[in-house]
Amino acid sequence: MEKGIVLKSTGSRYRVLFGEGKRINCSIKGKLRIKEFRTTNPIAVGDNILFEIDTKTNTGIITEVLDRKNWILRKATNLSKHSQIIAANIDQVFLMITIILPETQVEFIDRFLIAAEAYRVPAKIIINKTDLYGETELTKLEYLESIYKNIGYDCIRLSLKEPTNLEVLKQLMRGKTSLISGNSGVGKTTLLNAFDPLLKLKTAEISDYHKQGKHITTFPEMHQMPFDGYVIDTPGIRGFGVVDMERNEIYHFFREIFKISKECRFNNCLHLDEPGCAVRNAVEKGDIAFLRYKSYLNIMDGDNGKYR
Ligand SMILES: Nc1nc2c(ncn2[C@@H]2O[C@H](COP(=O)(O)OP(=O)(O)OP(=O)(O)O)[C@@H](O)[C@H]2O)c(=O)[nH]1
Ligand SMILES: [Mg+2]
Ligand SMILES: [Zn+2]
């Protein structure tokens with residue numbers, strides 16, 4: 001029996017890291033498939049597993065998935081009851097955004113952040129491609145930074161063309177397992193190649209016509225970094241569905257809204273148009289950013305976020 005960690009999962013095949021940097025392809029023992037989680041994938045990237053080696057084929061058979069510290073889910077489709085585990089056992093998530101090429105929507109950022117809050121995984125924001133920014137983009141960048149820094153999310157500016165702040169990121173990721181998420185084309189995979197040029201992972205320029213990425217990375221994959229740490233590259237997402245969240249608890253995951261909500265007149269206040277709502281009051285005074293409140297309203301309005 002060996003212990004390993006799942007680097008990549010493609011359907012029913014798993015790439016597993018074990019021992020002192022050894023890798024092996026594994027499959028699952030039949031009955032593992034139907035256990036506990038109602039997810040489309042029983043085993044995810046980052047899972048700690050036990051497996052047996054079949055010496056004839058030099059492949060492994062996974063016999064057990066060890067307890068997960070945490071995980072991040074995404075609904076497979078809008079209407080699907082099933083969800084997919086993107087990754088398990090992560091210490092922190094980085095949302096990579098860009099002001100242009102492509103333009104990341106604020107609501108997308110907020111949907112991501114509330115999911116991270118709900119899964120209790122610390123989140124930070126990377127703003128990439130700063131080499132492309134003119135005055136308009138820099139103004140917007142500063143505005144977004146001020147909103148998110150104000151509510152306690154670190155924002156790290158990055159350019160992989162120049163490159164700047166790569167060392168800062170390495171420092172933040174050292175000794176940890178980090179997941180990088182974001183729209184297609186923002187530069188997630190380019191960052192991994194910058195960390196470890198030997199990886200030579202596939203990247204592609206964003207489309208001239210749509211100014212969007214081309215969904216080059218197709219499966220989440222964990223990579224061991226030369227600076228002692230694991231980083232999980234993920235496929236670009238268009239939207240982040242609110243998974244397993246009741247309507248009346250959505251505001252719990254907007255940090256600043258939750259904090260002020262304690263002062264609302266009614267303790268079942270949903271901060272829509274109730275009298276004596278401290279949240280609306282704070283929005284009017286500018287203590288809560290209007291853009292954040294707008295994201296909240298849109299999410300409350302119905303979960304019309306697009307799922308990839
Ligand atoms: N100008 C500029 N281009 C960058 C920067 N970072 C990445 N790019 C380019 O952006 C394009 C998309 O990069 P990828 O790394 O493939 O993006 P991704 O986020 O992995 O995209 P998906 O795998 O589709 O989700 C590539 O052409 C990169 O060279 C940057 O800091 N500045
Ligand atoms: Mg990629
Ligand atoms: Zn209220």
# chains A, B, ... in the order shown; residues from 1 in each chain; ligands from 1
>>> residues_around(residues="stretch 267-270 of chain A", least_positions_apart="5", cutoff="8 Å", atoms="only C-alpha atoms", output="list in words")
Asn248, Tyr251, Ser261, Lys262 and Cys277 of chain A
>>> residues_near_ligand(ligand="ligand 1", cutoff="8 Å", atoms="only C-alpha atoms and all ligand atoms", output="VMD selection string")
chain A and resid 96 101 128 to 132 158 to 163 181 to 191 202 to 206 213 to 218 233 to 237
>>> select_by_dssp(residues="stretch 68-264 of chain A", states="strand (DSSP E)", output="VMD selection string")
chain A and resid 71 to 75 83 to 88 92 to 97 123 to 127 155 to 157 177 to 181 221 to 225 229 to 233
>>> write_last_selection(atoms="N, CA and C atoms", output="tab-separated table (two decimals), in the first residue's frame")
chain	number	residue	atom	x	y	z
A	71	TRP	N	-12.60	21.59	0.14
A	71	TRP	CA	-12.71	21.36	-1.30
A	71	TRP	C	-13.47	22.53	-1.90
A	72	ILE	N	-13.33	22.66	-3.19
A	72	ILE	CA	-14.09	23.70	-3.90
A	72	ILE	C	-14.93	23.01	-4.96
A	73	LEU	N	-16.21	23.33	-4.95
A	73	LEU	CA	-17.15	22.70	-5.88
A	73	LEU	C	-17.58	23.67	-6.96
A	74	ARG	N	-17.97	23.11	-8.07
A	74	ARG	CA	-18.58	23.91	-9.11
A	74	ARG	C	-19.71	23.07	-9.70
A	75	LYS	N	-20.83	23.72	-9.94
A	75	LYS	CA	-21.92	22.96	-10.54
A	75	LYS	C	-21.57	22.60	-11.97
A	83	SER	N	-22.52	18.30	-8.67
A	83	SER	CA	-21.46	19.29	-8.80
A	83	SER	C	-20.14	18.57	-8.91
A	84	GLN	N	-19.16	19.34	-9.31
A	84	GLN	CA	-17.86	18.77	-9.58
A	84	GLN	C	-16.87	19.35	-8.58
A	85	ILE	N	-16.03	18.51	-8.03
A	85	ILE	CA	-14.99	19.03	-7.14
A	85	ILE	C	-13.84	19.51	-8.01
A	86	ILE	N	-13.51	20.78	-7.91
A	86	ILE	CA	-12.40	21.29	-8.71
A	86	ILE	C	-11.08	20.85	-8.09
A	87	ALA	N	-10.99	20.97	-6.77
A	87	ALA	CA	-9.77	20.56	-6.07
A	87	ALA	C	-10.05	20.41	-4.59
A	88	ALA	N	-9.20	19.64	-3.93
A	88	ALA	CA	-9.35	19.41	-2.49
A	88	ALA	C	-8.06	19.74	-1.76
A	92	GLN	N	-5.00	28.02	-0.10
A	92	GLN	CA	-5.43	29.36	-0.51
A	92	GLN	C	-5.78	29.36	-1.99
A	93	VAL	N	-6.67	30.30	-2.35
A	93	VAL	CA	-7.00	30.45	-3.77
A	93	VAL	C	-6.61	31.84	-4.23
A	94	PHE	N	-6.13	31.90	-5.47
A	94	PHE	CA	-5.81	33.18	-6.09
A	94	PHE	C	-6.76	33.36	-7.26
A	95	LEU	N	-7.47	34.46	-7.26
A	95	LEU	CA	-8.30	34.77	-8.41
A	95	LEU	C	-7.48	35.70	-9.30
A	96	MET	N	-7.18	35.23	-10.52
A	96	MET	CA	-6.43	36.08	-11.43
A	96	MET	C	-7.42	36.84	-12.31
A	97	ILE	N	-7.29	38.16	-12.31
A	97	ILE	CA	-8.17	38.97	-13.13
A	97	ILE	C	-7.34	39.86	-14.06
A	123	ALA	N	-8.70	33.83	0.19
A	123	ALA	CA	-8.59	34.22	-1.22
A	123	ALA	C	-7.79	35.51	-1.37
A	124	LYS	N	-7.01	35.55	-2.45
A	124	LYS	CA	-6.28	36.76	-2.80
A	124	LYS	C	-6.52	37.04	-4.28
A	125	ILE	N	-6.31	38.29	-4.68
A	125	ILE	CA	-6.57	38.66	-6.07
A	125	ILE	C	-5.27	39.04	-6.77
A	126	ILE	N	-5.05	38.44	-7.94
A	126	ILE	CA	-3.89	38.81	-8.76
A	126	ILE	C	-4.42	39.61	-9.95
A	127	ILE	N	-3.88	40.80	-10.15
A	127	ILE	CA	-4.29	41.58	-11.31
A	127	ILE	C	-3.15	41.51	-12.32
A	155	CYS	N	-4.42	42.39	-2.93
A	155	CYS	CA	-4.39	42.49	-4.39
A	155	CYS	C	-2.95	42.58	-4.81
A	156	ILE	N	-2.53	41.72	-5.72
A	156	ILE	CA	-1.14	41.72	-6.18
A	156	ILE	C	-1.12	42.04	-7.66
A	157	ARG	N	-0.45	43.11	-8.02
A	157	ARG	CA	-0.32	43.46	-9.44
A	157	ARG	C	0.76	42.57	-10.06
A	177	THR	N	-0.32	24.86	-0.70
A	177	THR	CA	-1.00	24.42	-1.90
A	177	THR	C	-1.96	25.52	-2.31
A	178	SER	N	-1.72	26.08	-3.50
A	178	SER	CA	-2.51	27.22	-3.96
A	178	SER	C	-3.25	26.86	-5.23
A	179	LEU	N	-4.47	27.35	-5.34
A	179	LEU	CA	-5.24	27.14	-6.56
A	179	LEU	C	-5.36	28.47	-7.28
A	180	ILE	N	-5.18	28.45	-8.59
A	180	ILE	CA	-5.35	29.68	-9.37
A	180	ILE	C	-6.56	29.53	-10.27
A	181	SER	N	-7.46	30.49	-10.16
A	181	SER	CA	-8.67	30.46	-10.96
A	181	SER	C	-8.82	31.79	-11.69
A	221	GLU	N	-4.91	20.89	-12.87
A	221	GLU	CA	-3.70	20.08	-12.68
A	221	GLU	C	-2.79	20.71	-11.64
A	222	MET	N	-2.32	19.88	-10.74
A	222	MET	CA	-1.43	20.38	-9.69
A	222	MET	C	0.02	20.19	-10.11
A	223	HIS	N	0.81	21.22	-9.87
A	223	HIS	CA	2.23	21.15	-10.22
A	223	HIS	C	3.08	21.43	-8.98
A	224	GLN	N	4.13	20.63	-8.84
A	224	GLN	CA	5.06	20.85	-7.75
A	224	GLN	C	6.04	21.94	-8.18
A	225	MET	N	6.19	22.96	-7.34
A	225	MET	CA	7.00	24.11	-7.74
A	225	MET	C	8.44	23.99	-7.25
A	229	GLY	N	6.27	24.21	-2.95
A	229	GLY	CA	4.85	24.55	-2.91
A	229	GLY	C	4.16	23.86	-4.07
A	230	TYR	N	2.86	23.73	-3.96
A	230	TYR	CA	2.08	23.15	-5.04
A	230	TYR	C	1.15	24.22	-5.58
A	231	VAL	N	1.03	24.28	-6.90
A	231	VAL	CA	0.10	25.24	-7.49
A	231	VAL	C	-0.81	24.49	-8.46
A	232	ILE	N	-2.11	24.75	-8.32
A	232	ILE	CA	-3.09	24.08	-9.18
A	232	ILE	C	-3.55	25.05	-10.27
A	233	ASP	N	-3.27	24.68	-11.50
A	233	ASP	CA	-3.74	25.45	-12.65
A	233	ASP	C	-5.13	24.91	-13.00
>>> select_by_dssp(residues="stretch 223-259 of chain A", states="alpha helix (DSSP H)", output="PyMOL selection string")
chain A and resi 255-259
>>> atom_distance(atom1="atom CA of A:Glu137", atom2="atom CA of A:Glu103")
10.1 Å
>>> atom_distance(atom1="atom CA of A:Lys3", atom2="atom CA of A:Val16")
9.4 Å
>>> closest_residue(among="A:Gly21, A:Pro275, A:Pro102, A:Gly4", to="A:Val65", atoms="only C-alpha atoms")
A:Gly4
>>> closest_residue(among="A:Asn165, A:Thr63, A:Gln212, A:Asn58", to="A:Thr98", atoms="only C-alpha atoms")
A:Gln212
>>> residues_around(residues="A:Arg292", least_positions_apart="4", cutoff="8 Å", atoms="only C-alpha atoms", output="PyMOL selection string")
chain A and resi 106-107+110+288+296
>>> write_last_selection(atoms="C-alpha atoms", output="compact mmCIF listing (two decimals), in the first residue's frame")
# COMPACT_ATOMS: atom_id res chain seq x y z
CA VAL A 106 -16.84 42.70 -11.05
CA GLU A 107 -19.76 40.37 -10.42
CA ASP A 110 -17.65 38.70 -6.17
CA ILE A 288 -20.05 49.85 1.25
CA TYR A 296 -25.21 41.11 -4.12
>>> residues_around(residues="A:Met1", least_positions_apart="5", cutoff="7 Å", atoms="only C-alpha atoms", output="list in words")
Leu50, Phe51 and Glu52 of chain A
>>> closest_residue(among="A:Gly276, A:Gly286, A:Gly302, A:Pro220", to="ligand 2", atoms="only C-alpha atoms and all ligand atoms")
A:Pro220
>>> residues_around(residues="A:Thr59", least_positions_apart="5", cutoff="12 Å", atoms="only C-alpha atoms", output="CSV table (one decimal) with N, CA and C atoms, in the first residue's frame")
chain,number,residue,atom,x,y,z
A,13,ARG,N,-9.1,8.2,-15.1
A,13,ARG,CA,-7.7,8.0,-14.9
A,13,ARG,C,-7.1,9.1,-14.1
A,14,TYR,N,-6.1,8.7,-13.2
A,14,TYR,CA,-5.5,9.7,-12.3
A,14,TYR,C,-4.0,9.7,-12.4
A,15,ARG,N,-3.4,10.9,-12.4
A,15,ARG,CA,-2.0,11.0,-12.3
A,15,ARG,C,-1.6,11.2,-10.8
A,16,VAL,N,-0.8,10.4,-10.2
A,16,VAL,CA,-0.5,10.4,-8.8
A,16,VAL,C,0.9,10.6,-8.5
A,23,ARG,N,5.9,9.4,-10.1
A,23,ARG,CA,4.6,9.6,-10.7
A,23,ARG,C,4.1,8.3,-11.2
A,24,ILE,N,2.8,8.1,-11.1
A,24,ILE,CA,2.2,6.8,-11.6
A,24,ILE,C,0.7,7.1,-12.1
A,25,ASN,N,0.3,6.4,-13.1
A,25,ASN,CA,-1.1,6.5,-13.5
A,25,ASN,C,-1.9,5.5,-12.7
A,26,CYS,N,-3.1,5.9,-12.2
A,26,CYS,CA,-3.9,5.1,-11.4
A,26,CYS,C,-5.3,5.0,-12.0
A,27,SER,N,-6.0,4.0,-11.6
A,27,SER,CA,-7.5,3.9,-11.8
A,27,SER,C,-8.1,3.6,-10.5
A,28,ILE,N,-9.5,3.7,-10.5
A,28,ILE,CA,-10.2,3.5,-9.2
A,28,ILE,C,-10.7,2.0,-9.1
A,51,PHE,N,-3.1,3.7,-2.5
A,51,PHE,CA,-3.2,2.9,-3.7
A,51,PHE,C,-2.3,1.7,-3.7
A,52,GLU,N,-2.6,0.7,-4.5
A,52,GLU,CA,-1.7,-0.5,-4.7
A,52,GLU,C,-1.1,-0.5,-6.0
A,53,ILE,N,0.1,-0.9,-6.1
A,53,ILE,CA,0.8,-0.9,-7.4
A,53,ILE,C,0.6,-2.3,-8.1
A,54,ASP,N,0.2,-2.3,-9.3
A,54,ASP,CA,0.1,-3.5,-10.1
A,54,ASP,C,1.4,-3.6,-10.8
>>> closest_residue(among="A:Leu172, A:Leu201, A:Ile5, A:Ile62", to="ligand 2", atoms="only C-alpha atoms and all ligand atoms")
A:Leu201
>>> residues_around(residues="A:Ile250", least_positions_apart="5", cutoff="8 Å", atoms="only C-alpha atoms", output="number ranges by chain")
A: 114, 245, 296, 300
>>> write_last_selection(atoms="C-alpha atoms", output="CSV table (one decimal), in the first residue's frame")
chain,number,residue,atom,x,y,z
A,114,ILE,CA,-18.2,34.5,-1.8
A,245,MET,CA,-26.1,28.5,-0.6
A,296,TYR,CA,-25.2,41.1,-4.1
A,300,MET,CA,-30.1,37.6,-4.9
>>> closest_residue(among="A:Leu17, A:Ala289, A:Leu198, A:Cys264", to="ligand 3", atoms="only C-alpha atoms and all ligand atoms")
A:Cys264
>>> closest_residue(among="A:Arg68, A:Lys200, A:Lys259, A:Arg111", to="A:Gly239", atoms="only C-alpha atoms")
A:Arg111
